[in-house]
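Input: a single structure, listed below in structure tokens.
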Amino acid sequence: MGMFSQERCLICHEEMVASATWRGVFLGEEVTGCCSRCLSKLEAIGGETCRICGRELDSNFCKEDLCLDCVRWEEDGDWAGMLDSNISLFHYNDFLRETIARYKFRGDYVLARVFAEKIEEVLRKVPHDYLVPIPLSEERLYERGFNQSEALILEAGREATLLLARIHSEKQSKKSRKDRIHLPQVFTLGRNEELTGKTIMLVDDIYTTGSTIRHAAKILKGAGAARIHSVTIAR
Amino acid sequence: MRFAVIDSKLVPEKILGSPISRIDDIPEIPLDPQFSFQADLKKILNGKQLLFEDVPFSHEIIQQHYEHGYVTYRKGLITAGKRFVCQRCGNEDKTWFAAFHCHRCNEECAYCRRCLMMGRVSECTPLVGWRDDAEVGSNGRDDVAQRLLQWDGSLSDGQKEAAIRVERAMLEKEELLVWAVCGAGKTEILFQGIEAAIAAGQRVCIATPRTDVVLELAPRLKAVFPNVSIAALYGGSEERHVFAALTISTTHQLLRFYRAFDTLIVDEVDAFPYSVDETLHYAVRQARKPYSAMIFLTATPCRSWQRECREGKRAHVTIPARFHRHPLPVPEFVWCGNWAKLLQKGRLPGSVVSWAKTRCDAGKGALMFIPRIELMEKMLPLFRKLHQGIESVHAEDSHRKEKVRKMREGKIPLLLTTTILERGVTFPNIDVAVLGAEAELFTESALVQIAGRAGRSASFPKGVVSFFHFGVTEEMQRARKVIQSMNKEAEKRCLVD
């Protein structure tokens with residue numbers, strides 16, 4: 001590690017002032033690799049959130065403690081109860097969109113550190129038996145050099161269990177919500193592990209419609225898992 | 001990916017291999033003249049340094065061309081002592097490197113973050129190019145008898161002299177600085193040299209720091225060289241893979257080239273970001289052939305270059321006068337007191353108000369440069385008391401293009417602007433002012449460029465340039481001095497009437 005230096009913001013590369021350095025002088029202060037200016041451009045998701053998907057609730061678009069999207073999922077017999085809860089850290093605003101694009105499409109691996117501590121906080125709060133990244137296809141993994149979801153786990157100092165593999169490699173981002181929901185299963189079990197009664201925490205970069213996470217959840221529940229939670233950087 | 005050296009060849013080898021940066025010597029393969037290479041691949045790779053993912057050919061085909069001596073592999077990253085050096089962008093600053101466990105080479109793999117936006121260069125990344133020799137290095141023209149330049153304009157005496165010097169430097173592979181005042185007509189003086197070089201089978205590149213300039217130059221050059229292949233390269237341009245005799249590129253895009261050009265012409269060497277970005281200097285050095293010509297164009301060379309010119313240590317040619325043979329407007333200095341403090345009270349200096357009022361009343365367009373956006377926003381309502389049509393513009397302004405167009409059409413009486421309109425734009429008949437000329441960002445070159453906005457067209461060769469200030473700075477004095485000395489030289493050389 002001696003060949004790398006951390007005194008600069010990982011996002012904007014400006015030098016960081018002492019009080020905002022990544023080491024965080026005060027107990028409990030989050031360890032982040034980015035400066036306070038960049039940090040301020042990240043909008044945390046907070047307030048009243050949907051019990052399942054964790055989005056901020058809008059009183060016009062919710063039914064009790066669920067957002068209307070989750071209401072629809074829960075009304076569908078195939079999908080009801082697949083996902084127990086999701087926590088997303090930040091709103092997917094323009095700044096985060098650019099940062100995540102640089103992270104996964106340009107392959108700027110080190111940006112995982114910006115989010116790792118926040119992810120770790122969630123992992124501490126939600127008990128689980130396995131920590132499972134949403135997998136990439138072999139081609140995509142080679143192309144990017146790393147799996148952006150797995151990197152979040154590793155940079156949070158945790159161990160990733162690769163329970164899932166991808167059988168479909170088409171890009172999700174080009175599909176509409178309807179397409180995504182009615183997609184045939186894109187995942188398969190990557191290895192045999194006794195999952196009966198286990199709690200699994202899935203990790204992904206972005207929660208958009210919730211379809212990816214639910215497809216993964218379905219496979220794992222089918223293999224016996226009792227509870228599926230998930231954490232993503234953005235939604 | 002992992003490579004191993006087997007039978008004096010670099011071969012992809014998943015198990016036994018290692019990242020390319022850890023292979024000591026990358027074998028050079030002798031050219032196999034029997035091999036029939038793919039012409040399209042040559043077009044893409046000739047004079048380039050690309051990543052595998054930039055090349056629309058399979059790894060197998062690329063590897064095959066390597067094994068027959070046509071394609072070359074270079075290390076993307078090397079280690080020098082305890083440092084990494086990115087071979088594409090020259091970065092060796094450790095704060096711009098990071099590492100990760102890489103699924104391509106299955107090892108801890110360092111990568112350069114400096115040029116990441118052009119695709120990741122890591123320890124296991126080869127830079128793919130084409131064999132460098134005389135034959136493959138030429139621009140591919142075989143119809144040299146044809147007249148290339150189709151231009152019926154004429155050059156001023158100052159331009160003519162510069163054009164001859166440029167042509168000679170290009171053919172003799174020398175370095176030359178063309179110091180031409182704003183409005184001298186820099187582009188036209190290149191035509192003759194470009195024609196000669198391209199006729200001789202050489203490749204020429206004009207590089208400029210700004211995309212706007214690429215977009216403006218490309219159609220002009222395509223019009224005068226209708227039978228020459230021309231590629232315009234900027235972030236997001238479609239012509240990335242076009243092999244051209246004449247390339248017009250942002251300095252940034254040069255990072256994809258390697259020993260490609262017989263002549264590299266760098267426009268506005270003093271302009272941001274080229275002036276401050278070491279990566280771009282590296283890109284320029286990498287893109288030229290080892291034996292090549294280098295032409296620098298600027299209206300405002302930095303002080304050390306000016307000194308070298310005066311002391312005869314730098315080959316240069318000056319064009320001290322404008323194309324229309326009128327002298328450059330010399331800026332007047334007008335003290336306007338503590339304008340910033342006055343602004344806090346919601347007022348503008350009297351001298352500035354009367355300057356603006358005169359222009360509005362006379363209906364002569366005017367530009368006023370303001371040091372900072374926040375100040376400009378505070379001033380706009382105050383100026384609007386004089387005339388409702390007064391506007392302001394800055395880099396992030398979403399109506400920027402529209403406002404510049406309206407200004408050009410004479411529909412805005414006074415346009416307040418940050419330094420974004422300092423160069424490159426021409427409005428026919430305007431006066432120009434700076435408010436707060438003492439501000440640090442108004443360097444000598446910025447002020448000379450700003451003054452250079454006035455009196456551009458032949459029909460309105462006169463314009464008034466005023467620097468409103470709260471204390472004259474050295475930069476202001478230097479700017480005025482340099483303009484005066486250009487005027488003097490122009491007179492001496494009979495380049496003004």
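By order of appearance in the structure tokens: chains A, B, ..., then residues from 1 within every chain, and ligands from 1 in the order shown.
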
Please report as a tab-separated table every residue of chain B lying within 12 Å of chain A, along with the nearest atom pair and their distance in Å (one decimal), using only C-alpha atoms.
```
residue	atom	partner	partner_atom	distance
B:Met1	CA	A:Tyr142	CA	9.0
B:Leu51	CA	A:Glu143	CA	11.7
B:Phe52	CA	A:Glu143	CA	10.3
B:Glu53	CA	A:Glu143	CA	8.3
B:Asp54	CA	A:Glu143	CA	11.8
B:Thr79	CA	A:Met3	CA	10.6
B:Ala80	CA	A:Met3	CA	11.7
B:Gly81	CA	A:Met3	CA	10.8
B:Lys82	CA	A:Met3	CA	7.1
B:Arg83	CA	A:Met3	CA	6.9
B:Phe84	CA	A:Met3	CA	8.2
B:Val85	CA	A:Met3	CA	11.6
B:Glu92	CA	A:Met3	CA	10.8
B:Asp93	CA	A:Phe4	CA	9.3
B:Lys94	CA	A:Phe4	CA	5.5
B:Thr95	CA	A:Ser5	CA	5.1
B:Trp96	CA	A:Phe4	CA	8.0
B:Phe97	CA	A:Phe4	CA	6.3
B:Ala98	CA	A:Phe4	CA	6.2
B:Ala99	CA	A:Val110	CA	7.2
B:Phe100	CA	A:Tyr109	CA	6.5
B:His101	CA	A:Phe146	CA	7.2
B:Cys102	CA	A:Gly145	CA	5.0
B:His103	CA	A:Gly145	CA	4.7
B:Arg104	CA	A:Tyr142	CA	5.6
B:Cys105	CA	A:Gly145	CA	8.5
B:Asn106	CA	A:Gly145	CA	9.0
B:Glu107	CA	A:Gly145	CA	10.5
B:Glu108	CA	A:Gly145	CA	10.9
B:Cys109	CA	A:Gly145	CA	9.6
B:Ala110	CA	A:Phe4	CA	9.5
B:Tyr111	CA	A:Asp108	CA	8.6
B:Cys112	CA	A:Asp108	CA	9.1
B:Arg113	CA	A:Asp108	CA	7.1
B:Arg114	CA	A:His13	CA	10.0
B:Cys115	CA	A:Arg106	CA	10.3
B:Leu116	CA	A:Arg106	CA	6.6
B:Met117	CA	A:Arg106	CA	6.4
B:Met118	CA	A:Arg106	CA	8.2
B:Gly119	CA	A:Arg106	CA	6.2
B:Arg120	CA	A:Arg106	CA	6.7
B:Val121	CA	A:Gly107	CA	10.0
B:Ser122	CA	A:Gly145	CA	10.1
B:Glu123	CA	A:Gly145	CA	11.9
B:Cys124	CA	A:Gly145	CA	10.4
B:Thr125	CA	A:Gly145	CA	11.0
```

Could you go through stretch 217-345 of chain B and tell me which residues DSSP, when run on the backbone, assigns to strand (DSSP E), listing them as a CSV table (one decimal) with all heavy atoms, in the first residue's frame?
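The new file part23.csv reads:
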```
chain,number,residue,atom,x,y,z
B,230,ILE,N,-9.6,13.9,-43.7
B,230,ILE,CA,-9.4,14.7,-42.5
B,230,ILE,C,-10.3,14.1,-41.4
B,230,ILE,O,-11.4,13.7,-41.6
B,230,ILE,CB,-9.9,16.1,-42.8
B,230,ILE,CG1,-9.0,16.8,-43.8
B,230,ILE,CG2,-9.9,17.0,-41.5
B,230,ILE,CD1,-9.4,18.2,-44.2
B,231,ALA,N,-9.7,13.9,-40.2
B,231,ALA,CA,-10.4,13.4,-39.1
B,231,ALA,C,-10.5,14.5,-38.0
B,231,ALA,O,-9.5,15.1,-37.7
B,231,ALA,CB,-9.7,12.2,-38.5
B,232,ALA,N,-11.7,14.7,-37.4
B,232,ALA,CA,-11.8,15.6,-36.3
B,232,ALA,C,-12.1,14.8,-35.0
B,232,ALA,O,-13.0,14.0,-34.9
B,232,ALA,CB,-13.0,16.5,-36.6
B,233,LEU,N,-11.2,14.9,-34.1
B,233,LEU,CA,-11.2,14.1,-32.9
B,233,LEU,C,-11.4,15.0,-31.6
B,233,LEU,O,-10.7,16.0,-31.4
B,233,LEU,CB,-9.9,13.3,-32.7
B,233,LEU,CG,-9.5,12.5,-33.9
B,233,LEU,CD1,-8.2,11.7,-33.5
B,233,LEU,CD2,-10.6,11.5,-34.2
B,246,LEU,N,-4.7,14.3,-42.4
B,246,LEU,CA,-4.7,15.5,-41.6
B,246,LEU,C,-5.7,15.2,-40.4
B,246,LEU,O,-6.9,14.9,-40.7
B,246,LEU,CB,-5.2,16.7,-42.4
B,246,LEU,CG,-5.4,18.0,-41.7
B,246,LEU,CD1,-4.1,18.5,-41.0
B,246,LEU,CD2,-5.9,19.1,-42.6
B,247,THR,N,-5.2,15.3,-39.2
B,247,THR,CA,-6.0,15.1,-38.1
B,247,THR,C,-6.2,16.4,-37.3
B,247,THR,O,-5.2,17.1,-37.1
B,247,THR,CB,-5.3,14.1,-37.1
B,247,THR,OG1,-5.2,12.8,-37.9
B,247,THR,CG2,-6.2,13.8,-35.9
B,248,ILE,N,-7.4,16.7,-36.9
B,248,ILE,CA,-7.6,17.9,-36.1
B,248,ILE,C,-8.2,17.4,-34.7
B,248,ILE,O,-9.2,16.7,-34.7
B,248,ILE,CB,-8.6,18.8,-36.7
B,248,ILE,CG1,-8.1,19.2,-38.1
B,248,ILE,CG2,-8.8,20.1,-35.9
B,248,ILE,CD1,-9.2,19.5,-39.1
B,249,SER,N,-7.5,17.6,-33.7
B,249,SER,CA,-7.8,16.9,-32.4
B,249,SER,C,-7.7,17.8,-31.2
B,249,SER,O,-6.9,18.8,-31.2
B,249,SER,CB,-6.7,15.8,-32.3
B,249,SER,OG,-6.9,15.1,-31.1
B,250,THR,N,-8.4,17.5,-30.2
B,250,THR,CA,-8.2,18.1,-28.9
B,250,THR,C,-6.8,17.6,-28.4
B,250,THR,O,-6.5,16.4,-28.7
B,250,THR,CB,-9.3,17.9,-27.9
B,250,THR,OG1,-9.4,16.5,-27.7
B,250,THR,CG2,-10.6,18.5,-28.3
B,261,PHE,N,2.7,11.4,-36.0
B,261,PHE,CA,2.7,12.6,-36.9
B,261,PHE,C,4.1,13.1,-37.3
B,261,PHE,O,5.0,13.2,-36.4
B,261,PHE,CB,1.9,13.7,-36.2
B,261,PHE,CG,0.5,13.3,-35.9
B,261,PHE,CD1,0.1,13.1,-34.6
B,261,PHE,CD2,-0.4,13.0,-36.9
B,261,PHE,CE1,-1.2,12.7,-34.3
B,261,PHE,CE2,-1.7,12.5,-36.6
B,261,PHE,CZ,-2.1,12.4,-35.3
B,262,ASP,N,4.2,13.5,-38.5
B,262,ASP,CA,5.4,14.1,-39.0
B,262,ASP,C,5.4,15.6,-38.6
B,262,ASP,O,6.5,16.2,-38.5
B,262,ASP,CB,5.5,14.0,-40.6
B,262,ASP,CG,5.5,12.5,-41.0
B,262,ASP,OD1,6.5,11.9,-41.0
B,262,ASP,OD2,4.4,12.0,-41.3
B,263,THR,N,4.2,16.1,-38.5
B,263,THR,CA,4.1,17.5,-38.0
B,263,THR,C,3.0,17.6,-37.0
B,263,THR,O,1.9,17.1,-37.3
B,263,THR,CB,3.8,18.5,-39.2
B,263,THR,OG1,4.9,18.6,-40.1
B,263,THR,CG2,3.6,19.9,-38.6
B,264,LEU,N,3.3,18.2,-35.9
B,264,LEU,CA,2.3,18.4,-34.9
B,264,LEU,C,2.2,19.9,-34.7
B,264,LEU,O,3.2,20.6,-34.4
B,264,LEU,CB,2.6,17.7,-33.6
B,264,LEU,CG,1.5,17.6,-32.6
B,264,LEU,CD1,0.3,16.9,-33.2
B,264,LEU,CD2,2.0,16.7,-31.4
B,265,ILE,N,1.0,20.5,-35.0
B,265,ILE,CA,0.8,21.9,-34.8
B,265,ILE,C,-0.1,22.1,-33.6
B,265,ILE,O,-1.2,21.6,-33.5
B,265,ILE,CB,0.0,22.5,-36.0
B,265,ILE,CG1,0.8,22.2,-37.3
B,265,ILE,CG2,-0.3,24.0,-35.8
B,265,ILE,CD1,0.1,22.4,-38.6
B,266,VAL,N,0.5,22.8,-32.6
B,266,VAL,CA,-0.3,23.0,-31.3
B,266,VAL,C,-0.8,24.4,-31.3
B,266,VAL,O,0.0,25.4,-31.3
B,266,VAL,CB,0.5,22.7,-30.1
B,266,VAL,CG1,-0.3,22.8,-28.8
B,266,VAL,CG2,1.1,21.3,-30.1
B,267,ASP,N,-2.1,24.5,-31.4
B,267,ASP,CA,-2.8,25.8,-31.4
B,267,ASP,C,-3.0,26.3,-30.0
B,267,ASP,O,-3.2,25.5,-29.1
B,267,ASP,CB,-4.1,25.7,-32.1
B,267,ASP,CG,-4.9,27.0,-32.3
B,267,ASP,OD1,-4.2,28.0,-32.4
B,267,ASP,OD2,-6.1,27.0,-32.3
B,288,ARG,N,4.0,12.7,-31.6
B,288,ARG,CA,4.9,13.0,-32.7
B,288,ARG,C,5.8,11.9,-33.0
B,288,ARG,O,6.2,11.1,-32.1
B,288,ARG,CB,5.7,14.3,-32.5
B,288,ARG,CG,5.7,14.9,-31.3
B,288,ARG,CD,6.7,16.1,-31.1
B,288,ARG,NE,7.7,16.4,-32.1
B,288,ARG,CZ,8.7,17.2,-31.8
B,288,ARG,NH1,8.8,17.8,-30.7
B,288,ARG,NH2,9.5,17.5,-32.8
B,289,LYS,N,6.2,11.8,-34.2
B,289,LYS,CA,7.3,10.8,-34.6
B,289,LYS,C,8.6,11.3,-34.0
B,289,LYS,O,8.7,12.5,-33.8
B,289,LYS,CB,7.4,10.7,-36.1
B,289,LYS,CG,6.2,9.9,-36.7
B,289,LYS,CD,6.5,9.8,-38.2
B,289,LYS,CE,5.3,9.0,-38.8
B,289,LYS,NZ,5.4,9.0,-40.3
B,290,PRO,N,9.5,10.4,-33.7
B,290,PRO,CA,10.8,10.9,-33.2
B,290,PRO,C,11.5,12.0,-34.0
B,290,PRO,O,12.0,12.9,-33.5
B,290,PRO,CB,11.6,9.6,-33.1
B,290,PRO,CG,10.7,8.5,-33.1
B,290,PRO,CD,9.5,9.0,-33.9
B,291,TYR,N,11.3,11.8,-35.3
B,291,TYR,CA,11.9,12.8,-36.2
B,291,TYR,C,10.7,13.6,-36.8
B,291,TYR,O,10.0,13.0,-37.7
B,291,TYR,CB,12.7,12.2,-37.3
B,291,TYR,CG,13.3,13.1,-38.3
B,291,TYR,CD1,14.2,14.2,-37.9
B,291,TYR,CD2,13.0,13.0,-39.7
B,291,TYR,CE1,14.7,15.0,-38.9
B,291,TYR,CE2,13.5,13.9,-40.6
B,291,TYR,CZ,14.4,14.9,-40.2
B,291,TYR,OH,14.9,15.8,-41.1
B,292,SER,N,10.4,14.7,-36.3
B,292,SER,CA,9.1,15.4,-36.7
B,292,SER,C,9.2,16.9,-36.5
B,292,SER,O,10.1,17.4,-35.8
B,292,SER,CB,7.9,14.8,-36.0
B,292,SER,OG,8.1,15.0,-34.6
B,293,ALA,N,8.3,17.6,-37.1
B,293,ALA,CA,8.2,19.1,-36.9
B,293,ALA,C,7.2,19.4,-35.9
B,293,ALA,O,6.2,18.7,-35.6
B,293,ALA,CB,7.8,19.7,-38.2
B,294,MET,N,7.4,20.5,-35.2
B,294,MET,CA,6.5,21.0,-34.2
B,294,MET,C,6.3,22.5,-34.4
B,294,MET,O,7.2,23.3,-34.4
B,294,MET,CB,7.3,20.7,-32.9
B,294,MET,CG,6.5,21.0,-31.7
B,294,MET,SD,5.5,19.6,-31.3
B,294,MET,CE,4.6,20.2,-30.0
B,295,ILE,N,5.0,22.8,-34.6
B,295,ILE,CA,4.7,24.2,-34.8
B,295,ILE,C,3.8,24.7,-33.6
B,295,ILE,O,2.7,24.0,-33.3
B,295,ILE,CB,3.9,24.4,-36.1
B,295,ILE,CG1,4.6,23.7,-37.3
B,295,ILE,CG2,3.7,25.9,-36.4
B,295,ILE,CD1,5.8,24.3,-37.8
B,296,PHE,N,4.1,25.7,-32.9
B,296,PHE,CA,3.3,26.3,-31.9
B,296,PHE,C,2.6,27.5,-32.4
B,296,PHE,O,3.3,28.4,-32.9
B,296,PHE,CB,4.1,26.6,-30.6
B,296,PHE,CG,4.8,25.4,-30.0
B,296,PHE,CD1,6.1,25.2,-30.1
B,296,PHE,CD2,4.0,24.5,-29.3
B,296,PHE,CE1,6.7,24.1,-29.5
B,296,PHE,CE2,4.6,23.4,-28.7
B,296,PHE,CZ,5.9,23.2,-28.8
B,297,LEU,N,1.3,27.7,-32.2
B,297,LEU,CA,0.7,28.9,-32.5
B,297,LEU,C,0.1,29.6,-31.3
B,297,LEU,O,-0.5,29.0,-30.5
B,297,LEU,CB,-0.6,28.6,-33.4
B,297,LEU,CG,-0.4,27.8,-34.7
B,297,LEU,CD1,-1.8,27.6,-35.3
B,297,LEU,CD2,0.5,28.6,-35.6
B,298,THR,N,0.4,30.9,-31.2
B,298,THR,CA,-0.3,31.6,-30.1
B,298,THR,C,-0.2,33.1,-30.3
B,298,THR,O,0.6,33.6,-31.1
B,298,THR,CB,0.4,31.3,-28.7
B,298,THR,OG1,-0.2,32.1,-27.7
B,298,THR,CG2,1.9,31.6,-28.8
B,316,HIS,N,11.3,31.5,-34.1
B,316,HIS,CA,9.9,32.0,-34.1
B,316,HIS,C,9.7,32.9,-35.3
B,316,HIS,O,10.7,33.4,-35.9
B,316,HIS,CB,9.6,32.7,-32.8
B,316,HIS,CG,10.3,34.0,-32.7
B,316,HIS,ND1,11.7,34.1,-32.4
B,316,HIS,CD2,9.8,35.3,-32.8
B,316,HIS,CE1,12.0,35.4,-32.3
B,316,HIS,NE2,10.9,36.1,-32.5
B,317,VAL,N,8.5,33.1,-35.6
B,317,VAL,CA,8.1,34.2,-36.6
B,317,VAL,C,6.9,34.9,-36.0
B,317,VAL,O,6.1,34.3,-35.4
B,317,VAL,CB,7.8,33.5,-37.9
B,317,VAL,CG1,6.7,32.5,-37.8
B,317,VAL,CG2,7.4,34.6,-39.0
B,318,THR,N,6.9,36.3,-36.1
B,318,THR,CA,5.8,37.0,-35.6
B,318,THR,C,5.0,37.6,-36.7
B,318,THR,O,5.5,37.9,-37.8
B,318,THR,CB,6.3,38.2,-34.8
B,318,THR,OG1,7.2,39.0,-35.6
B,318,THR,CG2,7.0,37.8,-33.5
B,319,ILE,N,3.7,37.7,-36.5
B,319,ILE,CA,2.8,38.4,-37.3
B,319,ILE,C,2.2,39.5,-36.4
B,319,ILE,O,1.3,39.3,-35.7
B,319,ILE,CB,1.6,37.6,-37.9
B,319,ILE,CG1,2.2,36.3,-38.5
B,319,ILE,CG2,0.9,38.4,-39.0
B,319,ILE,CD1,1.1,35.4,-39.1
B,332,GLU,N,-6.8,51.4,-22.6
B,332,GLU,CA,-6.6,52.6,-21.7
B,332,GLU,C,-6.9,52.1,-20.3
B,332,GLU,O,-7.8,51.2,-20.1
B,332,GLU,CB,-7.6,53.7,-22.1
B,332,GLU,CG,-9.1,53.2,-22.2
B,332,GLU,CD,-10.1,54.4,-22.3
B,332,GLU,OE1,-9.6,55.5,-22.5
B,332,GLU,OE2,-11.3,54.1,-22.1
B,333,PHE,N,-6.2,52.6,-19.3
B,333,PHE,CA,-6.4,52.2,-17.9
B,333,PHE,C,-7.3,53.3,-17.2
B,333,PHE,O,-7.0,54.5,-17.2
B,333,PHE,CB,-5.1,52.2,-17.1
B,333,PHE,CG,-4.1,51.1,-17.6
B,333,PHE,CD1,-2.8,51.0,-17.2
B,333,PHE,CD2,-4.6,50.1,-18.5
B,333,PHE,CE1,-2.0,50.1,-17.7
B,333,PHE,CE2,-3.7,49.1,-19.0
B,333,PHE,CZ,-2.4,49.1,-18.6
B,334,VAL,N,-8.4,52.9,-16.6
B,334,VAL,CA,-9.3,53.8,-15.9
B,334,VAL,C,-9.5,53.4,-14.5
B,334,VAL,O,-10.0,52.3,-14.2
B,334,VAL,CB,-10.7,53.9,-16.6
B,334,VAL,CG1,-11.5,55.0,-16.0
B,334,VAL,CG2,-10.5,54.1,-18.1
B,335,TRP,N,-9.0,54.3,-13.6
B,335,TRP,CA,-9.1,54.0,-12.2
B,335,TRP,C,-10.6,54.1,-11.8
B,335,TRP,O,-11.3,55.1,-12.1
B,335,TRP,CB,-8.3,54.9,-11.3
B,335,TRP,CG,-8.1,54.6,-9.9
B,335,TRP,CD1,-7.3,53.7,-9.3
B,335,TRP,CD2,-8.9,55.1,-8.8
B,335,TRP,NE1,-7.5,53.6,-8.0
B,335,TRP,CE2,-8.5,54.5,-7.6
B,335,TRP,CE3,-9.9,56.1,-8.7
B,335,TRP,CZ2,-9.0,54.8,-6.4
B,335,TRP,CZ3,-10.4,56.4,-7.5
B,335,TRP,CH2,-10.0,55.7,-6.3
```

Exercise for the section: Would you return as an MDAnalysis selection string the members of stretch 25-225 of chain A that DSSP assigns to alpha helix (DSSP H) on this structure's backbone? Expected result: chainID A and resid 36:41 68:75 94:104 112:125 138:144 148:155 177:181 211:222

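With distances restricted to only C-alpha atoms, B:Ala437 is the closest residue to B:Val472 from B:Ala437, B:Leu447, B:Val71, B:Ile420.
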
Fill in the blank from the handout: In terms of only C-alpha atoms, the residue from A:Glu155, A:Asp94, A:Asp76, A:Glu193 at minimal distance from A:Lys118 is A:Glu155
